[in-house]
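Asks: input.cif (mmCIF, C-alpha atoms and all ligand atoms) pasted underneath:
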data_entry
loop_
_atom_site.label_atom_id
_atom_site.label_comp_id
_atom_site.auth_asym_id
_atom_site.auth_seq_id
_atom_site.Cartn_x
_atom_site.Cartn_y
_atom_site.Cartn_z
CA MET X 29 68.45 11.59 20.13
CA THR X 30 66.44 8.35 20.59
CA LEU X 31 66.68 6.28 23.78
CA ALA X 32 65.82 2.58 23.67
CA ARG X 33 65.38 0.69 26.94
CA VAL X 34 66.76 -2.82 27.06
CA THR X 35 65.34 -5.23 29.62
CA SER X 36 66.20 -8.77 28.49
CA PHE X 37 69.34 -10.33 29.94
CA ALA X 38 70.61 -11.58 26.56
CA GLU X 39 70.23 -8.21 24.86
CA ALA X 40 71.70 -6.34 27.82
CA ASP X 41 74.77 -8.59 27.85
CA GLU X 42 75.09 -8.32 24.07
CA ILE X 43 75.15 -4.51 24.21
CA LEU X 44 77.56 -4.25 27.14
CA THR X 45 80.06 -6.63 25.52
CA SER X 46 79.74 -5.13 22.02
CA ARG X 47 82.43 -2.85 20.60
CA ARG X 48 79.67 -1.24 18.49
CA PHE X 49 78.46 0.67 21.56
CA ALA X 50 80.40 3.32 23.49
CA GLN X 51 80.17 4.41 27.12
CA GLU X 52 77.53 7.12 27.55
CA SER X 53 77.00 7.22 31.33
CA LYS X 54 78.17 10.00 33.63
CA HIS X 55 77.68 13.21 31.64
CA GLU X 56 76.26 15.28 34.47
CA SER X 57 78.80 13.99 36.98
CA ALA X 58 81.68 14.69 34.55
CA PRO X 59 83.10 17.52 36.74
CA LEU X 60 83.76 14.79 39.33
CA VAL X 61 84.56 11.67 37.30
CA GLY X 62 84.98 12.79 33.66
CA GLY X 63 88.08 11.31 31.98
CA THR X 64 88.39 8.42 34.46
CA VAL X 65 88.65 4.73 33.55
CA LEU X 66 84.87 4.50 33.86
CA VAL X 67 84.21 6.86 30.97
CA LEU X 68 87.18 6.31 28.66
CA ASP X 69 86.63 4.08 25.65
CA GLY X 70 88.64 2.08 23.11
CA PRO X 71 92.45 1.80 23.33
CA ALA X 72 92.76 4.62 25.91
CA HIS X 73 90.39 2.71 28.18
CA LEU X 74 92.25 -0.57 27.75
CA HIS X 75 95.55 1.17 28.51
CA ARG X 76 94.13 2.76 31.69
CA ARG X 77 92.67 -0.58 32.85
CA ARG X 78 96.06 -2.24 32.38
CA LEU X 79 97.76 0.44 34.49
CA LEU X 80 95.19 -0.03 37.26
CA ALA X 81 95.25 -3.85 37.25
CA PRO X 82 97.81 -4.15 40.15
CA LEU X 83 95.13 -2.75 42.47
CA MET X 84 93.28 -6.05 42.07
CA SER X 85 96.29 -8.40 42.27
CA ARG X 86 96.19 -11.33 44.66
CA THR X 87 98.44 -9.49 47.15
CA ALA X 88 96.37 -6.33 46.94
CA LEU X 89 93.13 -8.24 47.57
CA ALA X 90 94.66 -9.98 50.58
CA GLY X 91 95.71 -6.53 51.84
CA TYR X 92 92.14 -5.17 51.62
CA ASP X 93 90.90 -8.21 53.53
CA SER X 94 93.44 -7.46 56.29
CA VAL X 95 92.38 -3.80 56.41
CA VAL X 96 88.76 -4.82 56.87
CA ALA X 97 89.69 -7.43 59.51
CA ALA X 98 91.67 -4.80 61.42
CA THR X 99 89.01 -2.07 61.31
CA VAL X 100 85.61 -3.75 61.41
CA ASP X 101 85.40 -3.85 65.23
CA SER X 102 86.27 -0.18 65.72
CA CYS X 103 83.71 0.78 63.04
CA VAL X 104 81.08 -1.35 64.80
CA ARG X 105 81.88 0.40 68.09
CA ALA X 106 81.62 3.85 66.48
CA HIS X 107 78.34 3.16 64.62
CA ALA X 108 76.64 0.31 66.49
CA ASP X 109 73.18 1.77 65.88
CA ASP X 110 73.15 2.38 62.11
CA LEU X 111 74.38 0.11 59.34
CA VAL X 112 74.85 2.91 56.77
CA PRO X 113 77.65 4.85 58.53
CA LEU X 114 79.00 1.53 59.88
CA GLY X 115 79.35 0.07 56.37
CA ARG X 116 80.63 3.30 54.87
CA SER X 117 83.32 3.65 57.52
CA VAL X 118 84.59 0.07 57.01
CA PHE X 119 84.71 0.52 53.23
CA LEU X 120 86.26 3.96 53.65
CA GLN X 121 89.29 2.36 55.32
CA LEU X 122 89.50 -0.08 52.44
CA ALA X 123 89.25 2.77 49.91
CA ALA X 124 91.90 4.76 51.79
CA SER X 125 94.36 1.89 51.56
CA MET X 126 93.55 1.29 47.87
CA ILE X 127 93.97 4.97 47.00
CA GLY X 128 96.97 5.66 49.27
CA LEU X 129 95.43 8.05 51.80
CA GLY X 130 97.32 6.37 54.64
CA GLU X 131 95.85 5.28 57.97
CA LEU X 132 92.71 7.32 58.55
CA GLY X 133 92.45 6.83 62.32
CA ALA X 134 91.05 9.99 63.92
CA ARG X 135 90.48 11.51 60.46
CA THR X 136 87.75 8.92 59.68
CA PRO X 137 84.73 11.04 60.82
CA ARG X 138 85.89 13.97 58.68
CA LEU X 139 86.27 11.82 55.55
CA LEU X 140 82.93 10.18 56.30
CA ALA X 141 81.33 13.64 56.39
CA LEU X 142 82.86 14.54 53.00
CA LEU X 143 81.82 11.19 51.55
CA GLY X 144 78.04 11.85 51.73
CA PRO X 145 77.99 14.86 49.34
CA LEU X 146 80.68 13.27 47.14
CA LEU X 147 78.69 10.06 46.64
CA GLU X 148 75.52 11.95 45.87
CA ALA X 149 77.30 14.13 43.31
CA VAL X 150 79.05 11.20 41.60
CA THR X 151 75.58 9.70 41.04
CA VAL X 152 73.81 13.05 40.47
CA GLU X 153 72.17 11.61 37.34
CA TRP X 154 69.79 9.66 39.63
CA SER X 155 69.29 12.23 42.40
CA THR X 156 65.78 13.51 43.14
CA ARG X 157 67.18 16.75 44.66
CA SER X 158 68.22 19.80 42.62
CA HIS X 159 71.11 18.55 40.48
CA GLU X 160 72.77 21.94 40.57
CA VAL X 161 72.82 21.93 44.37
CA VAL X 162 74.01 18.31 44.55
CA LEU X 163 76.91 19.07 42.19
CA ALA X 164 77.89 22.24 44.05
CA GLU X 165 77.95 20.36 47.38
CA GLY X 166 79.96 17.52 45.80
CA LEU X 167 82.53 19.89 44.32
CA ALA X 168 82.93 21.67 47.67
CA ALA X 169 83.53 18.29 49.34
CA ARG X 170 86.05 17.45 46.64
CA GLU X 171 88.02 20.64 47.33
CA ALA X 172 88.09 19.78 51.04
CA LEU X 173 89.23 16.23 50.22
CA VAL X 174 92.13 17.53 48.14
CA SER X 175 93.32 20.04 50.73
CA GLU X 176 92.85 17.88 53.83
CA PHE X 177 93.77 14.37 52.63
CA PRO X 178 97.18 14.19 50.94
CA ARG X 179 98.05 11.07 48.93
CA PHE X 180 101.04 8.88 49.80
CA SER X 181 102.56 7.09 46.84
CA GLU X 182 104.13 4.09 48.55
CA GLY X 183 103.13 0.42 48.28
CA THR X 184 100.53 -0.77 45.79
CA SER X 185 98.02 2.05 45.60
CA LEU X 186 96.35 4.31 43.11
CA ALA X 187 98.60 7.15 44.26
CA ALA X 188 101.69 5.00 43.61
CA ILE X 189 100.48 4.02 40.13
CA MET X 190 99.74 7.65 39.28
CA ALA X 191 103.17 8.73 40.53
CA GLU X 192 104.83 6.08 38.32
CA HIS X 193 102.93 7.33 35.23
CA PRO X 194 102.95 11.14 35.45
CA GLY X 195 102.13 11.50 31.73
CA GLU X 196 98.87 9.60 32.16
CA TRP X 197 97.23 11.80 34.80
CA ASP X 198 97.55 15.58 35.22
CA ASP X 199 96.53 17.06 38.60
CA GLU X 200 92.85 17.38 37.70
CA ALA X 201 92.66 13.88 36.17
CA ALA X 202 94.38 12.44 39.25
CA VAL X 203 91.82 13.98 41.61
CA ARG X 204 88.95 12.65 39.47
CA GLU X 205 90.38 9.12 39.45
CA VAL X 206 90.73 9.32 43.25
CA VAL X 207 87.11 10.46 43.56
CA LEU X 208 85.98 7.57 41.33
CA PHE X 209 87.85 5.01 43.42
CA LEU X 210 86.61 6.52 46.67
CA ALA X 211 83.02 6.41 45.45
CA ALA X 212 83.29 3.01 43.75
CA SER X 213 84.72 1.30 46.83
CA THR X 214 82.29 2.77 49.35
CA LEU X 215 78.93 3.56 47.77
CA ASN X 216 77.85 0.24 46.26
CA ASN X 217 79.53 -1.83 48.95
CA ALA X 218 77.76 0.00 51.78
CA ALA X 219 74.43 -0.32 49.93
CA LEU X 220 75.03 -4.04 49.38
CA LEU X 221 75.77 -4.63 53.06
CA VAL X 222 72.45 -3.04 54.03
CA HIS X 223 70.42 -4.98 51.46
CA THR X 224 72.07 -8.26 52.51
CA VAL X 225 71.38 -7.75 56.22
CA ASP X 226 67.83 -6.71 55.33
CA GLU X 227 67.16 -9.79 53.18
CA LEU X 228 68.77 -12.12 55.74
CA SER X 229 66.53 -10.67 58.48
CA ARG X 230 63.57 -11.98 56.49
CA HIS X 231 65.20 -15.07 54.93
CA PRO X 232 67.84 -16.42 57.33
CA VAL X 233 70.52 -18.78 55.97
CA PRO X 234 73.36 -20.67 57.71
CA ASP X 235 76.92 -19.24 57.42
CA THR X 236 77.81 -21.78 54.73
CA ARG X 237 75.17 -20.23 52.46
CA LEU X 238 76.36 -16.62 52.90
CA PRO X 239 78.17 -16.48 49.52
CA ASP X 240 74.95 -17.55 47.79
CA ALA X 241 72.93 -15.01 49.80
CA LEU X 242 75.38 -12.26 48.85
CA ALA X 243 75.19 -13.14 45.15
CA GLU X 244 71.39 -13.26 45.29
CA THR X 245 71.28 -9.83 46.98
CA LEU X 246 73.61 -8.44 44.32
CA ARG X 247 71.29 -9.78 41.62
CA LEU X 248 68.11 -8.33 43.13
CA TYR X 249 69.58 -4.92 44.05
CA PRO X 250 71.95 -3.71 41.33
CA PRO X 251 72.88 -0.27 42.68
CA THR X 252 73.23 1.21 39.21
CA VAL X 253 69.75 1.83 37.80
CA ALA X 254 70.80 1.65 34.16
CA LEU X 255 74.02 1.67 32.15
CA LEU X 256 73.89 4.04 29.19
CA ARG X 257 75.55 3.32 25.86
CA ARG X 258 75.68 5.08 22.45
CA ALA X 259 75.61 3.15 19.15
CA LEU X 260 78.72 3.77 17.07
CA GLU X 261 77.01 2.37 13.96
CA ASP X 262 73.52 1.13 13.01
CA VAL X 263 72.82 -1.99 15.10
CA THR X 264 69.82 -4.33 14.93
CA LEU X 265 69.06 -5.73 18.39
CA ARG X 266 67.92 -9.34 18.96
CA ASP X 267 64.27 -8.29 19.16
CA GLY X 268 64.59 -6.68 15.71
CA ARG X 269 64.72 -3.07 16.94
CA LEU X 270 67.08 -0.88 14.97
CA VAL X 271 69.38 1.38 16.98
CA ARG X 272 70.80 4.00 14.64
CA ALA X 273 74.36 5.28 14.90
CA GLY X 274 74.39 8.00 17.58
CA ASP X 275 71.24 6.74 19.34
CA HIS X 276 71.40 5.86 23.03
CA VAL X 277 70.34 2.71 24.86
CA ALA X 278 69.59 2.36 28.57
CA VAL X 279 70.52 -1.11 29.78
CA ASP X 280 68.09 -1.71 32.66
CA LEU X 281 70.07 -3.89 35.08
CA HIS X 282 67.17 -4.33 37.49
CA ALA X 283 64.98 -5.81 34.74
CA ALA X 284 67.77 -7.86 33.11
CA ASN X 285 68.64 -9.42 36.47
CA ARG X 286 65.03 -10.56 36.90
CA ASP X 287 64.66 -12.02 33.42
CA PRO X 288 62.73 -15.30 33.93
CA ALA X 289 64.43 -16.82 30.88
CA VAL X 290 67.72 -16.81 32.82
CA PHE X 291 66.77 -16.75 36.50
CA GLY X 292 63.50 -18.74 36.49
CA ALA X 293 59.82 -17.97 36.94
CA ASP X 294 60.43 -16.88 40.56
CA ALA X 295 63.19 -14.43 39.54
CA ASP X 296 61.69 -11.67 41.74
CA GLU X 297 62.18 -13.75 44.87
CA PHE X 298 65.22 -14.04 47.14
CA ARG X 299 66.31 -17.65 46.68
CA PRO X 300 70.06 -18.05 47.30
CA GLY X 301 71.72 -20.78 45.26
CA ARG X 302 69.11 -20.69 42.50
CA ALA X 303 70.01 -22.30 39.15
CA VAL X 304 70.86 -19.80 36.41
CA ALA X 305 70.80 -20.49 32.69
CA GLY X 306 73.81 -20.55 30.36
CA ARG X 307 76.93 -18.59 31.24
CA ALA X 308 75.13 -16.05 33.46
CA ARG X 309 76.71 -15.36 36.84
CA PRO X 310 74.55 -15.72 39.97
CA TRP X 311 74.71 -11.93 40.47
CA GLY X 312 73.50 -11.31 36.91
CA LEU X 313 74.78 -8.08 35.34
CA THR X 314 75.18 -6.15 38.59
CA PHE X 315 78.89 -5.60 37.88
CA GLY X 316 78.23 -4.78 34.23
CA SER X 317 79.80 -6.86 31.45
CA GLY X 318 82.34 -6.45 28.66
CA PRO X 319 85.14 -3.87 28.58
CA HIS X 320 83.76 -1.80 31.50
CA LEU X 321 83.12 -4.81 33.76
CA CYS X 322 83.57 -3.60 37.35
CA LEU X 323 87.26 -3.44 38.20
CA GLY X 324 86.54 -4.11 41.87
CA ARG X 325 84.34 -7.16 41.54
CA ALA X 326 86.84 -9.48 43.19
CA VAL X 327 86.92 -7.24 46.26
CA VAL X 328 83.22 -7.92 46.66
CA THR X 329 82.72 -11.52 45.53
CA GLY X 330 86.20 -12.81 46.36
CA THR X 331 88.38 -15.14 44.30
CA ALA X 332 89.51 -18.74 44.62
CA VAL X 333 92.01 -17.60 47.29
CA THR X 334 90.42 -14.52 48.92
CA PRO X 335 86.96 -14.62 50.46
CA GLY X 336 85.68 -11.14 49.51
CA VAL X 337 85.35 -8.46 52.17
CA HIS X 338 81.59 -8.80 52.69
CA LEU X 339 81.77 -12.32 54.10
CA ARG X 340 84.12 -11.16 56.84
CA ILE X 341 81.93 -8.20 57.79
CA LEU X 342 78.70 -10.21 57.63
CA ALA X 343 80.18 -12.99 59.74
CA ARG X 344 81.22 -10.48 62.43
CA LEU X 345 77.85 -8.70 62.39
CA ARG X 346 76.04 -12.03 62.67
CA GLU X 347 78.20 -13.01 65.66
CA LEU X 348 77.00 -9.75 67.21
CA GLY X 349 73.35 -10.67 66.49
CA VAL X 350 72.72 -7.89 63.95
CA ARG X 351 69.02 -7.21 63.26
CA PRO X 352 66.92 -4.26 62.05
CA ASP X 353 65.68 -2.01 64.87
CA PRO X 354 61.88 -2.44 64.84
CA ASP X 355 61.36 0.98 66.45
CA ARG X 356 63.35 3.06 63.97
CA PRO X 357 62.41 2.58 60.30
CA PRO X 358 65.09 2.76 57.58
CA VAL X 359 65.35 5.95 55.52
CA LEU X 360 65.87 5.72 51.75
CA ALA X 361 68.26 8.16 50.04
CA PRO X 362 66.77 10.87 47.75
CA THR X 363 67.73 9.06 44.55
CA ALA X 364 66.31 6.63 42.01
CA GLN X 365 69.14 4.29 43.03
CA ARG X 366 67.76 2.07 45.77
CA ARG X 367 70.04 2.77 48.72
CA HIS X 368 69.59 3.97 52.27
CA ASP X 369 70.60 7.10 54.14
CA SER X 370 69.93 5.29 57.40
CA TYR X 371 69.31 1.66 58.39
CA PRO X 372 68.99 1.48 62.20
CA ILE X 373 70.14 -1.81 63.73
CA LEU X 374 70.37 -3.55 67.08
CA LEU X 375 73.38 -5.60 68.17
CA LEU X 376 73.76 -7.91 71.20
C1 LIG X 401 78.75 -3.96 45.28
C2 LIG X 401 79.82 -3.40 44.81
C3 LIG X 401 79.98 -2.90 43.39
C4 LIG X 401 79.09 -2.86 42.35
C5 LIG X 401 77.66 -3.35 42.32
C6 LIG X 401 79.78 -2.27 41.21
C7 LIG X 401 79.21 -2.07 39.96
C8 LIG X 401 79.88 -1.61 38.86
C9 LIG X 401 79.34 -1.52 37.52
C10 LIG X 401 77.91 -1.87 37.11
C11 LIG X 401 80.31 -1.05 36.70
C12 LIG X 401 80.22 -0.87 35.18
C13 LIG X 401 79.86 0.53 34.77
C14 LIG X 401 79.60 0.59 33.27
O1 LIG X 401 79.66 -0.41 32.56
O2 LIG X 401 79.28 1.70 32.80
C15 LIG X 401 81.46 -0.81 37.53
C16 LIG X 401 82.64 -0.31 37.07
C17 LIG X 401 83.69 -0.01 37.90
N1 LIG X 401 83.83 -0.36 39.23
FE1 LIG X 401 82.47 -1.24 40.39
N2 LIG X 401 81.05 -1.96 41.60
C18 LIG X 401 81.21 -2.35 42.91
C19 LIG X 401 82.35 -2.25 43.66
C20 LIG X 401 83.52 -1.72 43.23
C21 LIG X 401 84.72 -1.63 44.02
C22 LIG X 401 84.94 -2.16 45.43
C23 LIG X 401 85.62 -0.99 43.26
C24 LIG X 401 87.01 -0.71 43.70
C25 LIG X 401 87.80 0.08 43.15
C26 LIG X 401 85.00 -0.70 41.98
C27 LIG X 401 85.59 -0.03 40.91
C28 LIG X 401 85.04 0.12 39.66
C29 LIG X 401 85.71 0.79 38.57
C30 LIG X 401 87.07 1.47 38.64
C31 LIG X 401 84.87 0.70 37.46
C32 LIG X 401 85.13 1.22 36.06
C33 LIG X 401 85.69 0.10 35.22
C34 LIG X 401 85.78 0.47 33.76
O3 LIG X 401 84.98 1.29 33.29
O4 LIG X 401 86.66 -0.07 33.10
N3 LIG X 401 83.72 -1.16 42.00
N4 LIG X 401 81.19 -1.19 38.84
#
Could the structure of this file be written out as structure tokens, please?

Replies:
Amino acid sequence: MTLARVTSFAEADEILTSRRFAQESKHESAPLVGGTVLVLDGPAHLHRRRLLAPLMSRTALAGYDSVVAATVDSCVRAHADDLVPLGRSVFLQLAASMIGLGELGARTPRLLALLGPLLEAVTVEWSTRSHEVVLAEGLAAREALVSEFPRFSEGTSLAAIMAEHPGEWDDEAAVREVVLFLAASTLNNAALLVHTVDELSRHPVPDTRLPDALAETLRLYPPTVALLRRALEDVTLRDGRLVRAGDHVAVDLHAANRDPAVFGADADEFRPGRAVAGRARPWGLTFGSGPHLCLGRAVVTGTAVTPGVHLRILARLRELGVRPDPDRPPVLAPTAQRRHDSYPILLL
């Protein structure tokens, strides 16, 4: 098997949108997320995406915004000294409402404790610890999740959609889809919150520029190191390289998002509101592109009618004077994905 690395924005976008490449990510984490919307391909993938679409309807997005508004202050009170558990607990409430786990309330610390090993196992491909151990810990957390957190299939939620389509998900597939949604809604969002606060501590902007700052942080810190794809037929890339049928390509999002041809000669710098070339989005390829484009992007970046949950949280944290604690350095997680295990903060 040959693995080509793709670093230019144009080539990366071409591969992700092409039907001549299939999803190849998430082999090692298959016991947790195999068979989910993230790894399906072709018509089965399209069908699953259609079933899940109501989770991102206008009403659903407004609901997530309300959940965040209602919980952010209690999460700040519970974790006023560290942005990692603070962010994870806010996004956990959001995930719980999206999945249909009901009000978490006093059960929040328990789910937060299960979340750590689950998130590490779902991204085991990038872990620098023993992968066998990471997977075993993740599967144990998954068992605890299933036995301790029943799903309620009312309202618009993943549980409700799965109950309406019993032929689509058997018990095992249902648990895996839940794990995917739990991880997807918490992991990258919590990492993004930390990177944004970190960048803003060095490059302050007024509130009106927060959307630009968020997009610029997304561009510079794509949480997914690389998206893997497999060629379904012989394909000649733009630079003339031949990818043979069956060969793999690693789409390097970090490099593509810093491509000077699209983001300018100072692409490595944090410059909110920068001009971008062509049809590129300000956050680059951080949410992927093509058929597997992130289903939850609107939760993060907002839409014409909903602001996106980060703006609300950032605004509240800024009111509280959030800043990194100079006496307690941040701790990076043991993974090639750039995210933190701890980011100590001070509030007013
Ligand atoms: C900062 C936040 C987020 C980032 C950077 C992010 C990034 C990504 C990326 C890069 C992909 C594409 C994977 C691929 O092509 O192989 C993806 C897919 C996905 N994301 Fe997100 N995501 C974020 C938040 C969310 C949220 C809040 C949800 C809520 C459910 C979510 C749900 C999903 C799902 C279900 C997929 C699979 C879609 C498919 O394969 O059809 N994500 N995400």

Asks: 7 Å from ligand LIG 401 (chain X) is the threshold here; counting only C-alpha atoms and all ligand atoms, which polymer residues fall inside it? Answer as a VMD selection string.

Replies: chain X and resid 44 51 53 65 to 67 73 77 208 to 209 212 to 214 216 to 217 220 246 250 to 252 255 to 256 314 to 317 319 to 325 327 to 328

Asks: Next, dump the selected residues to file, keeping only C-alpha atoms, as a PDB file, in the frame of the given file.

Replies:
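The resulting selection-v3.pdb:
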ATOM      1  CA  LEU X  44      77.560  -4.250  27.140  1.00  0.00           C
ATOM      2  CA  GLN X  51      80.170   4.410  27.120  1.00  0.00           C
ATOM      3  CA  SER X  53      77.000   7.220  31.330  1.00  0.00           C
ATOM      4  CA  VAL X  65      88.650   4.730  33.550  1.00  0.00           C
ATOM      5  CA  LEU X  66      84.870   4.500  33.860  1.00  0.00           C
ATOM      6  CA  VAL X  67      84.210   6.860  30.970  1.00  0.00           C
ATOM      7  CA  HIS X  73      90.390   2.710  28.180  1.00  0.00           C
ATOM      8  CA  ARG X  77      92.670  -0.580  32.850  1.00  0.00           C
ATOM      9  CA  LEU X 208      85.980   7.570  41.330  1.00  0.00           C
ATOM     10  CA  PHE X 209      87.850   5.010  43.420  1.00  0.00           C
ATOM     11  CA  ALA X 212      83.290   3.010  43.750  1.00  0.00           C
ATOM     12  CA  SER X 213      84.720   1.300  46.830  1.00  0.00           C
ATOM     13  CA  THR X 214      82.290   2.770  49.350  1.00  0.00           C
ATOM     14  CA  ASN X 216      77.850   0.240  46.260  1.00  0.00           C
ATOM     15  CA  ASN X 217      79.530  -1.830  48.950  1.00  0.00           C
ATOM     16  CA  LEU X 220      75.030  -4.040  49.380  1.00  0.00           C
ATOM     17  CA  LEU X 246      73.610  -8.440  44.320  1.00  0.00           C
ATOM     18  CA  PRO X 250      71.950  -3.710  41.330  1.00  0.00           C
ATOM     19  CA  PRO X 251      72.880  -0.270  42.680  1.00  0.00           C
ATOM     20  CA  THR X 252      73.230   1.210  39.210  1.00  0.00           C
ATOM     21  CA  LEU X 255      74.020   1.670  32.150  1.00  0.00           C
ATOM     22  CA  LEU X 256      73.890   4.040  29.190  1.00  0.00           C
ATOM     23  CA  THR X 314      75.180  -6.150  38.590  1.00  0.00           C
ATOM     24  CA  PHE X 315      78.890  -5.600  37.880  1.00  0.00           C
ATOM     25  CA  GLY X 316      78.230  -4.780  34.230  1.00  0.00           C
ATOM     26  CA  SER X 317      79.800  -6.860  31.450  1.00  0.00           C
ATOM     27  CA  PRO X 319      85.140  -3.870  28.580  1.00  0.00           C
ATOM     28  CA  HIS X 320      83.760  -1.800  31.500  1.00  0.00           C
ATOM     29  CA  LEU X 321      83.120  -4.810  33.760  1.00  0.00           C
ATOM     30  CA  CYS X 322      83.570  -3.600  37.350  1.00  0.00           C
ATOM     31  CA  LEU X 323      87.260  -3.440  38.200  1.00  0.00           C
ATOM     32  CA  GLY X 324      86.540  -4.110  41.870  1.00  0.00           C
ATOM     33  CA  ARG X 325      84.340  -7.160  41.540  1.00  0.00           C
ATOM     34  CA  VAL X 327      86.920  -7.240  46.260  1.00  0.00           C
ATOM     35  CA  VAL X 328      83.220  -7.920  46.660  1.00  0.00           C
TER      36      VAL X 328
END

Asks: Residues near Glu148 (chain X), anyone? I mean within 8 Å using all atoms listed in the file, not counting same-chain ones fewer than 6 positions away, as a list in words.

Replies: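 After dropping sequence-adjacent residues, the list is Ser155, Val162 and Gly166 of chain X.
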
Asks: Could you save those same residues with C-alpha atoms as a PDB file, in the frame of the given file?

Replies:
ATOM      1  CA  SER X 155      69.290  12.230  42.400  1.00  0.00           C
ATOM      2  CA  VAL X 162      74.010  18.310  44.550  1.00  0.00           C
ATOM      3  CA  GLY X 166      79.960  17.520  45.800  1.00  0.00           C
TER       4      GLY X 166
END

Asks: Which one is closest to Leu376 (chain X): X:Val104, X:Ala303, X:Leu129, X:Ala141? Count all atoms listed in the file.

Replies: X:Val104

Asks: Report as a VMD selection string all protein, DNA and RNA residues lying within 6 Å of region 340-354 of chain X, evaluated on only C-alpha atoms, omitting residues in the same chain fewer than 4 positions from it.

Replies: chain X and resid 372 to 376

Asks: Which of these, X:Ala164, X:Val279, X:Met126, X:Ala305, has the shortest distance to Leu83 (chain X) once you count all atoms listed in the file?

Replies: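 Smallest distance to Leu83 (chain X) is found for X:Met126.
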
Asks: Work out how far apart CA of Thr363 (chain X) and CA of Met84 (chain X) are and give it in Å to one decimal.

Replies: 29.8 Å

Asks: Ranking X:Ala219, X:Val263, X:Ala149, X:Leu31 by minimum distance to Lys54 (chain X) and counting all atoms listed in the file, which one comes first?

Replies: X:Ala149

Asks: Would you mind listing what lies within 12 Å of region 179-184 of chain X as JSON, numbers by chain, with only C-alpha atoms counted and same-chain residues fewer than 5 positions away left out?

Replies: {"X": [79, 80, 81, 82, 83, 84, 85, 86, 87, 88, 89, 90, 91, 92, 124, 125, 126, 127, 128, 129, 130, 131, 132, 173, 174, 189, 190, 191, 192, 193, 202, 203, 206]}

Asks: Within 9 Å of Asp369 (chain X), counting all atoms listed in the file, which residues show up once you throw out same-chain ones fewer than 2 positions away? Write them as a list in words, please.

Replies: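 Once the adjacent positions are removed, what remains is Val112, Pro113, Pro358, Val359, Leu360, Ala361, Pro362, Arg367 and Tyr371 of chain X.
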
Asks: Generate the output file for the selected residues, C-alpha atoms, as a PDB file, in the frame of the given file.

Replies:
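Written out: part05.pdb:
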ATOM      1  CA  VAL X 112      74.850   2.910  56.770  1.00  0.00           C
ATOM      2  CA  PRO X 113      77.650   4.850  58.530  1.00  0.00           C
ATOM      3  CA  PRO X 358      65.090   2.760  57.580  1.00  0.00           C
ATOM      4  CA  VAL X 359      65.350   5.950  55.520  1.00  0.00           C
ATOM      5  CA  LEU X 360      65.870   5.720  51.750  1.00  0.00           C
ATOM      6  CA  ALA X 361      68.260   8.160  50.040  1.00  0.00           C
ATOM      7  CA  PRO X 362      66.770  10.870  47.750  1.00  0.00           C
ATOM      8  CA  ARG X 367      70.040   2.770  48.720  1.00  0.00           C
ATOM      9  CA  TYR X 371      69.310   1.660  58.390  1.00  0.00           C
TER      10      TYR X 371
END

Asks: With a distance cut-off of 8 Å and all atoms listed in the file, select the neighbouring residues of Arg204 (chain X), excluding the residue or stretch itself and same-chain residues fewer than 3 positions from it, and output the selection as a list in words.

Replies: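 Selected residues are Leu60, Val61, Gly62, Gly63, Thr64, Glu200, Ala201, Val207 and Leu208 of chain X.
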
Asks: Report, in Å with one decimal, the straight-line distance from CA of Glu261 (chain X) to CA of Glu39 (chain X).

Replies: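 One can read the CA of Glu261 (chain X) to CA of Glu39 (chain X) distance as 16.6 Å.
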
Asks: Figure out the distance between CA of His338 (chain X) and CA of Leu281 (chain X), please, to one decimal in Å.

Replies: 21.6 Å

Asks: Once you add 3 Å to each side, what are the centre and edge lengths of the axis-aligned box holding all listed atoms of region 227-230 of chain X? One decimal in Å, as lines of an AutoDock Vina configuration file, if you can.

Replies:
center_x = 66.2
center_y = -11.0
center_z = 55.8
size_x = 11.2
size_y = 8.3
size_z = 11.3
